[in-house]
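Trainee: Input file: coords29.pdb. Contents: PDB, C-alpha atoms and all ligand atoms.
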```pdb
ATOM      1  CA  MET W  28      -3.166  68.404  10.625  1.00  0.00           C
ATOM      2  CA  THR W  29      -5.557  71.363  10.464  1.00  0.00           C
ATOM      3  CA  ILE W  30      -7.634  72.127  13.521  1.00  0.00           C
ATOM      4  CA  PRO W  31     -11.105  73.344  12.456  1.00  0.00           C
ATOM      5  CA  LYS W  32     -11.733  76.843  13.818  1.00  0.00           C
ATOM      6  CA  SER W  33     -15.396  77.541  13.179  1.00  0.00           C
ATOM      7  CA  PRO W  34     -18.691  75.908  12.168  1.00  0.00           C
ATOM      8  CA  PRO W  35     -18.119  76.185   8.377  1.00  0.00           C
ATOM      9  CA  ASP W  36     -15.397  73.505   8.699  1.00  0.00           C
ATOM     10  CA  CYS W  37     -17.936  70.997  10.008  1.00  0.00           C
ATOM     11  CA  SER W  38     -19.711  68.143   8.379  1.00  0.00           C
ATOM     12  CA  ILE W  39     -23.278  67.377   9.413  1.00  0.00           C
ATOM     13  CA  VAL W  40     -24.285  64.222  11.278  1.00  0.00           C
ATOM     14  CA  SER W  41     -26.246  62.309   8.651  1.00  0.00           C
ATOM     15  CA  ARG W  42     -30.040  61.974   8.763  1.00  0.00           C
ATOM     16  CA  GLU W  43     -29.521  58.188   8.692  1.00  0.00           C
ATOM     17  CA  THR W  44     -27.502  58.397  11.904  1.00  0.00           C
ATOM     18  CA  MET W  45     -30.128  60.611  13.565  1.00  0.00           C
ATOM     19  CA  GLU W  46     -32.890  58.176  12.564  1.00  0.00           C
ATOM     20  CA  GLU W  47     -30.881  55.104  13.546  1.00  0.00           C
ATOM     21  CA  ALA W  48     -30.382  56.523  17.058  1.00  0.00           C
ATOM     22  CA  ARG W  49     -34.092  57.361  17.357  1.00  0.00           C
ATOM     23  CA  SER W  50     -35.013  53.840  16.209  1.00  0.00           C
ATOM     24  CA  LEU W  51     -32.805  52.370  18.925  1.00  0.00           C
ATOM     25  CA  ILE W  52     -34.914  54.199  21.497  1.00  0.00           C
ATOM     26  CA  ASP W  53     -38.098  52.755  19.987  1.00  0.00           C
ATOM     27  CA  GLU W  54     -36.623  49.240  19.855  1.00  0.00           C
ATOM     28  CA  ASN W  55     -35.595  49.445  23.527  1.00  0.00           C
ATOM     29  CA  ARG W  56     -38.615  51.410  24.753  1.00  0.00           C
ATOM     30  CA  ASP W  57     -39.182  49.246  27.826  1.00  0.00           C
ATOM     31  CA  ILE W  58     -35.637  49.440  29.200  1.00  0.00           C
ATOM     32  CA  PHE W  59     -35.298  53.166  28.457  1.00  0.00           C
ATOM     33  CA  SER W  60     -38.619  53.870  30.134  1.00  0.00           C
ATOM     34  CA  ARG W  61     -37.419  52.032  33.277  1.00  0.00           C
ATOM     35  CA  LEU W  62     -34.115  53.921  33.026  1.00  0.00           C
ATOM     36  CA  GLN W  63     -35.958  57.263  32.971  1.00  0.00           C
ATOM     37  CA  ASP W  64     -38.006  56.261  36.042  1.00  0.00           C
ATOM     38  CA  LEU W  65     -34.832  55.295  37.922  1.00  0.00           C
ATOM     39  CA  TRP W  66     -33.072  58.530  36.952  1.00  0.00           C
ATOM     40  CA  LEU W  67     -36.029  60.637  38.107  1.00  0.00           C
ATOM     41  CA  TRP W  68     -36.157  58.728  41.400  1.00  0.00           C
ATOM     42  CA  TRP W  69     -32.425  59.134  42.044  1.00  0.00           C
ATOM     43  CA  ASN W  70     -32.473  62.783  40.963  1.00  0.00           C
ATOM     44  CA  LYS W  71     -34.539  63.615  44.045  1.00  0.00           C
ATOM     45  CA  SER W  72     -31.596  62.740  46.298  1.00  0.00           C
ATOM     46  CA  VAL W  73     -28.461  62.951  44.093  1.00  0.00           C
ATOM     47  CA  ASN W  74     -27.797  65.918  41.854  1.00  0.00           C
ATOM     48  CA  LEU W  75     -27.732  64.224  38.423  1.00  0.00           C
ATOM     49  CA  PHE W  76     -29.750  66.637  36.284  1.00  0.00           C
ATOM     50  CA  SER W  77     -31.470  69.954  36.871  1.00  0.00           C
ATOM     51  CA  ARG W  78     -34.466  69.731  39.201  1.00  0.00           C
ATOM     52  CA  LYS W  79     -36.743  70.717  36.302  1.00  0.00           C
ATOM     53  CA  CYS W  80     -35.536  67.791  34.200  1.00  0.00           C
ATOM     54  CA  GLY W  81     -38.389  65.481  33.222  1.00  0.00           C
ATOM     55  CA  ASN W  82     -39.097  62.697  30.779  1.00  0.00           C
ATOM     56  CA  THR W  83     -38.853  64.932  27.692  1.00  0.00           C
ATOM     57  CA  GLU W  84     -35.353  66.131  28.568  1.00  0.00           C
ATOM     58  CA  LEU W  85     -34.256  62.598  29.501  1.00  0.00           C
ATOM     59  CA  TYR W  86     -35.523  61.296  26.152  1.00  0.00           C
ATOM     60  CA  TYR W  87     -33.240  63.777  24.369  1.00  0.00           C
ATOM     61  CA  HIS W  88     -30.316  62.943  26.674  1.00  0.00           C
ATOM     62  CA  ILE W  89     -30.753  59.319  25.560  1.00  0.00           C
ATOM     63  CA  TRP W  90     -31.003  60.293  21.906  1.00  0.00           C
ATOM     64  CA  HIS W  91     -27.854  62.446  22.173  1.00  0.00           C
ATOM     65  CA  SER W  92     -26.036  59.546  23.817  1.00  0.00           C
ATOM     66  CA  LEU W  93     -27.067  57.064  21.154  1.00  0.00           C
ATOM     67  CA  LEU W  94     -25.706  59.377  18.475  1.00  0.00           C
ATOM     68  CA  LEU W  95     -22.289  58.576  19.936  1.00  0.00           C
ATOM     69  CA  SER W  96     -23.026  54.881  19.274  1.00  0.00           C
ATOM     70  CA  CYS W  97     -24.372  55.345  15.766  1.00  0.00           C
ATOM     71  CA  HIS W  98     -22.013  58.044  14.473  1.00  0.00           C
ATOM     72  CA  ASN W  99     -19.124  56.264  12.801  1.00  0.00           C
ATOM     73  CA  PRO W 100     -17.017  58.616  10.715  1.00  0.00           C
ATOM     74  CA  SER W 101     -14.988  56.558   8.305  1.00  0.00           C
ATOM     75  CA  GLY W 102     -11.481  55.843   9.513  1.00  0.00           C
ATOM     76  CA  PHE W 103     -12.038  57.371  12.963  1.00  0.00           C
ATOM     77  CA  ILE W 104     -13.749  54.674  14.972  1.00  0.00           C
ATOM     78  CA  ASP W 105     -11.826  51.553  15.859  1.00  0.00           C
ATOM     79  CA  ASP W 106     -13.009  48.173  17.037  1.00  0.00           C
ATOM     80  CA  SER W 107     -12.086  48.603  20.721  1.00  0.00           C
ATOM     81  CA  ASN W 108     -14.191  46.410  22.965  1.00  0.00           C
ATOM     82  CA  ILE W 109     -13.748  48.681  25.971  1.00  0.00           C
ATOM     83  CA  ILE W 110     -15.459  52.051  25.978  1.00  0.00           C
ATOM     84  CA  VAL W 111     -14.677  54.527  28.758  1.00  0.00           C
ATOM     85  CA  ASP W 112     -17.291  57.185  29.550  1.00  0.00           C
ATOM     86  CA  ALA W 113     -15.346  60.096  31.066  1.00  0.00           C
ATOM     87  CA  GLY W 114     -17.381  62.153  33.563  1.00  0.00           C
ATOM     88  CA  THR W 115     -20.492  60.011  33.261  1.00  0.00           C
ATOM     89  CA  GLY W 116     -22.562  61.716  36.003  1.00  0.00           C
ATOM     90  CA  GLY W 117     -25.790  59.719  36.132  1.00  0.00           C
ATOM     91  CA  GLY W 118     -24.676  57.484  33.262  1.00  0.00           C
ATOM     92  CA  LEU W 119     -24.600  59.627  30.127  1.00  0.00           C
ATOM     93  CA  PRO W 120     -23.758  58.654  27.485  1.00  0.00           C
ATOM     94  CA  GLY W 121     -22.623  55.315  28.957  1.00  0.00           C
ATOM     95  CA  ILE W 122     -25.887  53.667  30.027  1.00  0.00           C
ATOM     96  CA  PRO W 123     -27.793  54.224  26.748  1.00  0.00           C
ATOM     97  CA  MET W 124     -24.697  53.147  24.797  1.00  0.00           C
ATOM     98  CA  ALA W 125     -24.402  49.976  26.900  1.00  0.00           C
ATOM     99  CA  VAL W 126     -28.028  49.130  26.065  1.00  0.00           C
ATOM    100  CA  ALA W 127     -27.345  49.689  22.358  1.00  0.00           C
ATOM    101  CA  CYS W 128     -24.026  47.770  22.318  1.00  0.00           C
ATOM    102  CA  PRO W 129     -24.385  44.699  24.581  1.00  0.00           C
ATOM    103  CA  ASP W 130     -21.230  43.139  23.086  1.00  0.00           C
ATOM    104  CA  LYS W 131     -18.976  45.981  24.350  1.00  0.00           C
ATOM    105  CA  GLN W 132     -17.728  46.593  27.889  1.00  0.00           C
ATOM    106  CA  PHE W 133     -18.354  50.046  29.363  1.00  0.00           C
ATOM    107  CA  LEU W 134     -16.364  51.700  32.157  1.00  0.00           C
ATOM    108  CA  LEU W 135     -18.442  54.586  33.507  1.00  0.00           C
ATOM    109  CA  VAL W 136     -16.032  56.909  35.288  1.00  0.00           C
ATOM    110  CA  ASP W 137     -16.877  59.710  37.680  1.00  0.00           C
ATOM    111  CA  LYS W 138     -14.901  61.260  40.483  1.00  0.00           C
ATOM    112  CA  VAL W 139     -18.028  61.665  42.681  1.00  0.00           C
ATOM    113  CA  ARG W 140     -18.710  58.561  44.757  1.00  0.00           C
ATOM    114  CA  LYS W 141     -22.480  58.965  45.109  1.00  0.00           C
ATOM    115  CA  LYS W 142     -22.898  59.059  41.326  1.00  0.00           C
ATOM    116  CA  GLN W 143     -21.224  55.654  41.185  1.00  0.00           C
ATOM    117  CA  ARG W 144     -23.829  54.322  43.638  1.00  0.00           C
ATOM    118  CA  VAL W 145     -26.470  55.464  41.163  1.00  0.00           C
ATOM    119  CA  ILE W 146     -24.747  53.748  38.223  1.00  0.00           C
ATOM    120  CA  LYS W 147     -24.380  50.481  40.159  1.00  0.00           C
ATOM    121  CA  ASP W 148     -28.012  50.505  41.255  1.00  0.00           C
ATOM    122  CA  ILE W 149     -29.345  51.282  37.767  1.00  0.00           C
ATOM    123  CA  SER W 150     -27.080  48.704  36.047  1.00  0.00           C
ATOM    124  CA  THR W 151     -28.214  46.016  38.470  1.00  0.00           C
ATOM    125  CA  LYS W 152     -31.903  46.871  38.181  1.00  0.00           C
ATOM    126  CA  LEU W 153     -31.754  46.964  34.378  1.00  0.00           C
ATOM    127  CA  GLY W 154     -29.615  43.801  34.177  1.00  0.00           C
ATOM    128  CA  LEU W 155     -26.797  45.552  32.309  1.00  0.00           C
ATOM    129  CA  SER W 156     -23.827  43.276  32.997  1.00  0.00           C
ATOM    130  CA  ASN W 157     -21.605  45.127  30.499  1.00  0.00           C
ATOM    131  CA  ILE W 158     -21.294  48.210  32.758  1.00  0.00           C
ATOM    132  CA  THR W 159     -18.590  48.721  35.398  1.00  0.00           C
ATOM    133  CA  ALA W 160     -18.932  51.772  37.628  1.00  0.00           C
ATOM    134  CA  VAL W 161     -15.533  53.340  38.336  1.00  0.00           C
ATOM    135  CA  HIS W 162     -15.207  55.858  41.140  1.00  0.00           C
ATOM    136  CA  ASP W 163     -12.038  57.723  40.193  1.00  0.00           C
ATOM    137  CA  LYS W 164     -10.670  60.650  38.274  1.00  0.00           C
ATOM    138  CA  ILE W 165     -10.306  59.978  34.566  1.00  0.00           C
ATOM    139  CA  GLU W 166      -6.608  60.796  35.000  1.00  0.00           C
ATOM    140  CA  ASN W 167      -6.190  57.519  36.947  1.00  0.00           C
ATOM    141  CA  VAL W 168      -8.080  55.175  34.644  1.00  0.00           C
ATOM    142  CA  ARG W 169      -5.792  52.791  32.784  1.00  0.00           C
ATOM    143  CA  PRO W 170      -7.586  49.925  31.025  1.00  0.00           C
ATOM    144  CA  ASN W 171      -5.184  47.126  30.144  1.00  0.00           C
ATOM    145  CA  ASN W 172      -6.641  46.574  26.684  1.00  0.00           C
ATOM    146  CA  LYS W 173      -7.309  48.708  23.638  1.00  0.00           C
ATOM    147  CA  PHE W 174     -10.046  51.230  24.511  1.00  0.00           C
ATOM    148  CA  ARG W 175     -11.775  54.335  23.293  1.00  0.00           C
ATOM    149  CA  VAL W 176     -13.206  57.275  25.225  1.00  0.00           C
ATOM    150  CA  VAL W 177     -16.597  58.949  24.933  1.00  0.00           C
ATOM    151  CA  SER W 178     -17.801  61.938  26.919  1.00  0.00           C
ATOM    152  CA  LYS W 179     -20.860  64.194  26.976  1.00  0.00           C
ATOM    153  CA  HIS W 180     -20.852  67.739  28.320  1.00  0.00           C
ATOM    154  CA  ALA W 181     -18.298  66.908  30.999  1.00  0.00           C
ATOM    155  CA  PHE W 182     -14.886  68.281  29.976  1.00  0.00           C
ATOM    156  CA  ASP W 183     -13.136  71.000  28.064  1.00  0.00           C
ATOM    157  CA  ALA W 184     -11.783  69.135  25.022  1.00  0.00           C
ATOM    158  CA  ALA W 185      -8.138  70.117  25.539  1.00  0.00           C
ATOM    159  CA  ASP W 186      -8.341  69.346  29.264  1.00  0.00           C
ATOM    160  CA  LEU W 187      -9.730  65.872  28.653  1.00  0.00           C
ATOM    161  CA  LEU W 188      -7.013  65.002  26.140  1.00  0.00           C
ATOM    162  CA  SER W 189      -4.258  66.175  28.457  1.00  0.00           C
ATOM    163  CA  SER W 190      -5.826  64.431  31.479  1.00  0.00           C
ATOM    164  CA  LEU W 191      -5.898  60.926  30.049  1.00  0.00           C
ATOM    165  CA  GLY W 192      -3.509  58.645  31.906  1.00  0.00           C
ATOM    166  CA  ILE W 193      -2.824  56.486  28.855  1.00  0.00           C
ATOM    167  CA  ALA W 194      -3.812  56.993  25.260  1.00  0.00           C
ATOM    168  CA  PRO W 195      -7.067  55.585  23.926  1.00  0.00           C
ATOM    169  CA  GLU W 196      -7.538  54.716  20.265  1.00  0.00           C
ATOM    170  CA  SER W 197      -9.933  57.634  19.848  1.00  0.00           C
ATOM    171  CA  VAL W 198     -11.910  60.184  21.842  1.00  0.00           C
ATOM    172  CA  MET W 199     -15.459  61.176  20.881  1.00  0.00           C
ATOM    173  CA  MET W 200     -17.188  64.049  22.667  1.00  0.00           C
ATOM    174  CA  LEU W 201     -20.631  65.602  22.509  1.00  0.00           C
ATOM    175  CA  LYS W 202     -20.058  69.330  22.881  1.00  0.00           C
ATOM    176  CA  GLY W 203     -21.680  72.756  22.610  1.00  0.00           C
ATOM    177  CA  LYS W 204     -20.330  75.487  20.361  1.00  0.00           C
ATOM    178  CA  ASP W 205     -17.658  76.413  22.931  1.00  0.00           C
ATOM    179  CA  VAL W 206     -15.687  73.516  21.471  1.00  0.00           C
ATOM    180  CA  PHE W 207     -14.151  75.765  18.815  1.00  0.00           C
ATOM    181  CA  GLU W 208     -12.397  77.902  21.446  1.00  0.00           C
ATOM    182  CA  GLU W 209     -11.265  74.760  23.252  1.00  0.00           C
ATOM    183  CA  LEU W 210      -9.686  73.350  20.097  1.00  0.00           C
ATOM    184  CA  ASP W 211      -7.256  76.269  20.072  1.00  0.00           C
ATOM    185  CA  LYS W 212      -5.666  74.772  23.204  1.00  0.00           C
ATOM    186  CA  VAL W 213      -5.390  71.203  21.890  1.00  0.00           C
ATOM    187  CA  ASP W 214      -1.809  70.008  21.612  1.00  0.00           C
ATOM    188  CA  GLU W 215      -1.361  69.307  17.897  1.00  0.00           C
ATOM    189  CA  GLU W 216       1.348  66.773  18.697  1.00  0.00           C
ATOM    190  CA  GLN W 217      -1.152  64.694  20.617  1.00  0.00           C
ATOM    191  CA  VAL W 218      -3.664  64.200  17.804  1.00  0.00           C
ATOM    192  CA  SER W 219      -3.353  62.996  14.233  1.00  0.00           C
ATOM    193  CA  ALA W 220      -6.825  64.019  13.136  1.00  0.00           C
ATOM    194  CA  ILE W 221      -9.869  65.891  14.370  1.00  0.00           C
ATOM    195  CA  ARG W 222     -13.301  65.657  12.875  1.00  0.00           C
ATOM    196  CA  ILE W 223     -16.273  67.817  13.839  1.00  0.00           C
ATOM    197  CA  ASP W 224     -19.846  67.002  12.872  1.00  0.00           C
ATOM    198  CA  GLU W 225     -22.670  69.410  13.628  1.00  0.00           C
ATOM    199  CA  ILE W 226     -25.910  67.837  14.789  1.00  0.00           C
ATOM    200  CA  ASP W 227     -28.870  68.560  12.558  1.00  0.00           C
ATOM    201  CA  ALA W 228     -31.034  71.070  14.476  1.00  0.00           C
ATOM    202  CA  SER W 229     -34.010  70.356  12.208  1.00  0.00           C
ATOM    203  CA  PHE W 230     -34.595  67.389  14.570  1.00  0.00           C
ATOM    204  CA  GLY W 231     -35.528  69.823  17.352  1.00  0.00           C
ATOM    205  CA  SER W 232     -34.194  72.596  19.560  1.00  0.00           C
ATOM    206  CA  PHE W 233     -32.381  70.108  21.830  1.00  0.00           C
ATOM    207  CA  PHE W 234     -29.949  69.592  18.951  1.00  0.00           C
ATOM    208  CA  LYS W 235     -29.177  73.264  18.333  1.00  0.00           C
ATOM    209  CA  ASP W 236     -25.486  74.173  18.608  1.00  0.00           C
ATOM    210  CA  LYS W 237     -24.428  70.610  19.383  1.00  0.00           C
ATOM    211  CA  TYR W 238     -21.375  68.967  17.848  1.00  0.00           C
ATOM    212  CA  ILE W 239     -19.762  65.561  17.859  1.00  0.00           C
ATOM    213  CA  VAL W 240     -15.997  65.965  17.985  1.00  0.00           C
ATOM    214  CA  THR W 241     -13.786  62.963  17.274  1.00  0.00           C
ATOM    215  CA  PHE W 242     -10.043  62.842  17.888  1.00  0.00           C
ATOM    216  CA  GLN W 243      -7.572  60.278  16.665  1.00  0.00           C
ATOM    217  CA  LEU W 244      -4.575  60.252  18.947  1.00  0.00           C
ATOM    218  CA  ILE W 245      -0.968  59.683  18.023  1.00  0.00           C
ATOM    219  CA  MET W 246       0.641  59.439  21.426  1.00  0.00           C
ATOM    220  CA  PRO W 247       1.942  55.920  22.025  1.00  0.00           C
ATOM    221  CA  GLN W 248       0.451  54.388  25.186  1.00  0.00           C
ATOM    222  CA  SER W 249       3.787  53.874  26.913  1.00  0.00           C
ATOM    223  CA  ALA W 250       4.947  57.419  26.205  1.00  0.00           C
ATOM    224  CA  HIS W 251       1.877  59.011  27.693  1.00  0.00           C
ATOM    225  CA  GLY W 252       1.961  57.493  31.166  1.00  0.00           C
ATOM    226  CA  LYS W 253       1.817  59.993  34.019  1.00  0.00           C
TER     227      LYS W 253
HETATM  228  C1  LIG W 301     -21.738  68.245  33.818  1.00  0.00           C
HETATM  229  S1  LIG W 301     -21.602  66.624  34.439  1.00  0.00           S
HETATM  230  C2  LIG W 301     -22.004  65.733  32.963  1.00  0.00           C
HETATM  231  C3  LIG W 301     -22.515  64.384  33.283  1.00  0.00           C
HETATM  232  C4  LIG W 301     -22.966  63.549  32.090  1.00  0.00           C
HETATM  233  N1  LIG W 301     -21.876  63.241  31.167  1.00  0.00           N
HETATM  234  C5  LIG W 301     -24.158  64.151  31.375  1.00  0.00           C
HETATM  235  O1  LIG W 301     -24.087  64.359  30.160  1.00  0.00           O
HETATM  236  O2  LIG W 301     -25.186  64.392  32.035  1.00  0.00           O
HETATM  237  C6  LIG W 301     -19.824  66.396  34.541  1.00  0.00           C
HETATM  238  C7  LIG W 301     -19.396  65.186  35.372  1.00  0.00           C
HETATM  239  O3  LIG W 301     -17.991  65.004  35.198  1.00  0.00           O
HETATM  240  C8  LIG W 301     -17.441  64.580  36.443  1.00  0.00           C
HETATM  241  N2  LIG W 301     -16.002  64.902  36.415  1.00  0.00           N
HETATM  242  C9  LIG W 301     -15.438  66.133  36.332  1.00  0.00           C
HETATM  243  N3  LIG W 301     -14.084  66.034  36.303  1.00  0.00           N
HETATM  244  C10 LIG W 301     -13.798  64.701  36.363  1.00  0.00           C
HETATM  245  C11 LIG W 301     -12.584  63.959  36.360  1.00  0.00           C
HETATM  246  N4  LIG W 301     -11.390  64.563  36.302  1.00  0.00           N
HETATM  247  N5  LIG W 301     -12.655  62.615  36.391  1.00  0.00           N
HETATM  248  C12 LIG W 301     -13.867  61.982  36.444  1.00  0.00           C
HETATM  249  N6  LIG W 301     -15.045  62.634  36.480  1.00  0.00           N
HETATM  250  C13 LIG W 301     -15.020  63.979  36.427  1.00  0.00           C
HETATM  251  C14 LIG W 301     -18.256  65.357  37.482  1.00  0.00           C
HETATM  252  O4  LIG W 301     -18.205  64.750  38.744  1.00  0.00           O
HETATM  253  C15 LIG W 301     -19.661  65.332  36.855  1.00  0.00           C
HETATM  254  O5  LIG W 301     -20.414  64.235  37.327  1.00  0.00           O
END
```
So that I can check it, write out the structure of this file as structure tokens.
Mentor:
Amino acid sequence: MTIPKSPPDCSIVSRETMEEARSLIDENRDIFSRLQDLWLWWNKSVNLFSRKCGNTELYYHIWHSLLLSCHNPSGFIDDSNIIVDAGTGGGLPGIPMAVACPDKQFLLVDKVRKKQRVIKDISTKLGLSNITAVHDKIENVRPNNKFRVVSKHAFDAADLLSSLGIAPESVMMLKGKDVFEELDKVDEEQVSAIRIDEIDASFGSFFKDKYIVTFQLIMPQSAHGK
């Protein structure tokens, strides 16, 4: 397996995927608008986003998150019904993904207890019964069925892969351009394939230098227990 070292090795997230994610926001305008209100309310007392964060930034956070639902590189994404959001913070990408995929179960994991209070409150108020808030380190999370992991701006790629308590089917991360340095540290024996897709910055400056990185793992679940 070759680990991509620099942007020229990347594919581009397709325009169809970008548009599909944007359409999901339009189709769910009411619930996302209530979500933004709840986030802004909670952000006054719990540090979820920067203090300057407003509706425009939250709109792009939602769009970024939905890209992780819509992006489906052939052969990389499995049919796992459980999706673990590692380092979810205030619920990104997990809450928007749970709105977009009501048939999947989402475990939103964060090691900070007060962030889990936020997730529980928002899930209840929005009626999202497919979200479970998990207050724990990702290292300790061990779903008992096939699962995949998503994560947005929360972990160094190599650190996340080595932290997982048991192996998911795949790991998909939204990352900045620092990902290329992080890939140097990835254990090649842990992954069978890596794919990197650059997000099309012609959709706006919030997409500049953003990448979706997808890993297929080869470690058998039983052999990776810690
Ligand atoms: C920079 S925030 C990103 C939050 C969110 N994903 C977003 O895009 O806004 C990183 C989050 O990861 C959580 N975190 C860091 N290490 C963790 C670990 N080992 N297990 C679970 N959560 C962790 C932190 O508590 C924090 O809420």
Trainee: Have a look at W:Tyr87, W:Ile39, W:Ala125, W:Val136 and name the one nearest to W:Gly231; count all atoms listed in the file.
Mentor: W:Tyr87
Trainee: Could you please extract the residues within 10 Å of ligand LIG 301 (chain W), counting all atoms listed in the file, and hand them back as a ChimeraX atom specification?
Mentor: /W:74-77,85,88-89,91-92,112-121,135-143,161-168,177-183,186-187,190-191,200-202
Trainee: Every residue with an atom at most 10 Å from (-23.2, 64.1, 18.5) (file coordinates; all atoms listed in the file) is what I'm after, so could you write them as a PyMOL selection string?
Mentor: chain W and resi 39-40+44-45+90-98+179+199-203+223-227+234+237-241
Trainee: Can you spit out the residues from that selection as a PDB file, keeping the file's coordinate frame, using C-alpha atoms?
Mentor:
```
ATOM      1  CA  ILE W  39     -23.278  67.377   9.413  1.00  0.00           C
ATOM      2  CA  VAL W  40     -24.285  64.222  11.278  1.00  0.00           C
ATOM      3  CA  THR W  44     -27.502  58.397  11.904  1.00  0.00           C
ATOM      4  CA  MET W  45     -30.128  60.611  13.565  1.00  0.00           C
ATOM      5  CA  TRP W  90     -31.003  60.293  21.906  1.00  0.00           C
ATOM      6  CA  HIS W  91     -27.854  62.446  22.173  1.00  0.00           C
ATOM      7  CA  SER W  92     -26.036  59.546  23.817  1.00  0.00           C
ATOM      8  CA  LEU W  93     -27.067  57.064  21.154  1.00  0.00           C
ATOM      9  CA  LEU W  94     -25.706  59.377  18.475  1.00  0.00           C
ATOM     10  CA  LEU W  95     -22.289  58.576  19.936  1.00  0.00           C
ATOM     11  CA  SER W  96     -23.026  54.881  19.274  1.00  0.00           C
ATOM     12  CA  CYS W  97     -24.372  55.345  15.766  1.00  0.00           C
ATOM     13  CA  HIS W  98     -22.013  58.044  14.473  1.00  0.00           C
ATOM     14  CA  LYS W 179     -20.860  64.194  26.976  1.00  0.00           C
ATOM     15  CA  MET W 199     -15.459  61.176  20.881  1.00  0.00           C
ATOM     16  CA  MET W 200     -17.188  64.049  22.667  1.00  0.00           C
ATOM     17  CA  LEU W 201     -20.631  65.602  22.509  1.00  0.00           C
ATOM     18  CA  LYS W 202     -20.058  69.330  22.881  1.00  0.00           C
ATOM     19  CA  GLY W 203     -21.680  72.756  22.610  1.00  0.00           C
ATOM     20  CA  ILE W 223     -16.273  67.817  13.839  1.00  0.00           C
ATOM     21  CA  ASP W 224     -19.846  67.002  12.872  1.00  0.00           C
ATOM     22  CA  GLU W 225     -22.670  69.410  13.628  1.00  0.00           C
ATOM     23  CA  ILE W 226     -25.910  67.837  14.789  1.00  0.00           C
ATOM     24  CA  ASP W 227     -28.870  68.560  12.558  1.00  0.00           C
ATOM     25  CA  PHE W 234     -29.949  69.592  18.951  1.00  0.00           C
ATOM     26  CA  LYS W 237     -24.428  70.610  19.383  1.00  0.00           C
ATOM     27  CA  TYR W 238     -21.375  68.967  17.848  1.00  0.00           C
ATOM     28  CA  ILE W 239     -19.762  65.561  17.859  1.00  0.00           C
ATOM     29  CA  VAL W 240     -15.997  65.965  17.985  1.00  0.00           C
ATOM     30  CA  THR W 241     -13.786  62.963  17.274  1.00  0.00           C
TER      31      THR W 241
END
```
Trainee: Would you write out, as a PDB file with C-alpha atoms, in the frame of the given file, every residue that the PyMOL selection byres (((chain W and resi 132) around 12) and not hetatm) captures in this file?
Mentor:
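Dumped everything to expr.pdb:
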```pdb
ATOM      1  CA  ASP W 106     -13.009  48.173  17.037  1.00  0.00           C
ATOM      2  CA  SER W 107     -12.086  48.603  20.721  1.00  0.00           C
ATOM      3  CA  ASN W 108     -14.191  46.410  22.965  1.00  0.00           C
ATOM      4  CA  ILE W 109     -13.748  48.681  25.971  1.00  0.00           C
ATOM      5  CA  ILE W 110     -15.459  52.051  25.978  1.00  0.00           C
ATOM      6  CA  VAL W 111     -14.677  54.527  28.758  1.00  0.00           C
ATOM      7  CA  ASP W 112     -17.291  57.185  29.550  1.00  0.00           C
ATOM      8  CA  GLY W 121     -22.623  55.315  28.957  1.00  0.00           C
ATOM      9  CA  ILE W 122     -25.887  53.667  30.027  1.00  0.00           C
ATOM     10  CA  MET W 124     -24.697  53.147  24.797  1.00  0.00           C
ATOM     11  CA  ALA W 125     -24.402  49.976  26.900  1.00  0.00           C
ATOM     12  CA  VAL W 126     -28.028  49.130  26.065  1.00  0.00           C
ATOM     13  CA  ALA W 127     -27.345  49.689  22.358  1.00  0.00           C
ATOM     14  CA  CYS W 128     -24.026  47.770  22.318  1.00  0.00           C
ATOM     15  CA  PRO W 129     -24.385  44.699  24.581  1.00  0.00           C
ATOM     16  CA  ASP W 130     -21.230  43.139  23.086  1.00  0.00           C
ATOM     17  CA  LYS W 131     -18.976  45.981  24.350  1.00  0.00           C
ATOM     18  CA  PHE W 133     -18.354  50.046  29.363  1.00  0.00           C
ATOM     19  CA  LEU W 134     -16.364  51.700  32.157  1.00  0.00           C
ATOM     20  CA  LEU W 135     -18.442  54.586  33.507  1.00  0.00           C
ATOM     21  CA  LEU W 155     -26.797  45.552  32.309  1.00  0.00           C
ATOM     22  CA  SER W 156     -23.827  43.276  32.997  1.00  0.00           C
ATOM     23  CA  ASN W 157     -21.605  45.127  30.499  1.00  0.00           C
ATOM     24  CA  ILE W 158     -21.294  48.210  32.758  1.00  0.00           C
ATOM     25  CA  THR W 159     -18.590  48.721  35.398  1.00  0.00           C
ATOM     26  CA  ALA W 160     -18.932  51.772  37.628  1.00  0.00           C
ATOM     27  CA  PRO W 170      -7.586  49.925  31.025  1.00  0.00           C
ATOM     28  CA  ASN W 172      -6.641  46.574  26.684  1.00  0.00           C
ATOM     29  CA  LYS W 173      -7.309  48.708  23.638  1.00  0.00           C
ATOM     30  CA  PHE W 174     -10.046  51.230  24.511  1.00  0.00           C
ATOM     31  CA  ARG W 175     -11.775  54.335  23.293  1.00  0.00           C
ATOM     32  CA  VAL W 176     -13.206  57.275  25.225  1.00  0.00           C
TER      33      VAL W 176
END
```
Trainee: If I take atom CA of W:Lys71 and atom CA of W:Glu84, how far is one from the other in Å, to one decimal?
Mentor: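 Distance reported for this atom pair: 15.7 Å.
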Trainee: Restricting the calculation to all atoms listed in the file: of W:Ile146, W:Val73, W:Ile193, W:Ile52, which residue gets closest to W:Pro123?
Mentor: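 Closest to W:Pro123, using all atoms listed in the file: W:Ile52.
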Trainee: Figure out the distance between atom CA of W:Phe207 and atom CA of W:Asn99, please, to one decimal in Å.
Mentor: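 Taking atom CA of W:Asn99 as the start and atom CA of W:Phe207 as the end point, the length is 21.0 Å.
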Trainee: Under the rule that all atoms listed in the file are counted, which of W:Ala185, W:Phe233, W:Gly192, W:Asn55 is the nearest residue to W:Lys212?
Mentor: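 Looking only at the distances to W:Lys212, the closest residue turns out to be W:Ala185.
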Trainee: Could you spell out the hits of the PyMOL selection byres (((chain W and resi 68) around 12) and not hetatm) on the shown file, as a PyMOL selection string?
Mentor: chain W and resi 61-67+69-76+78+80-82+117+145+148-149
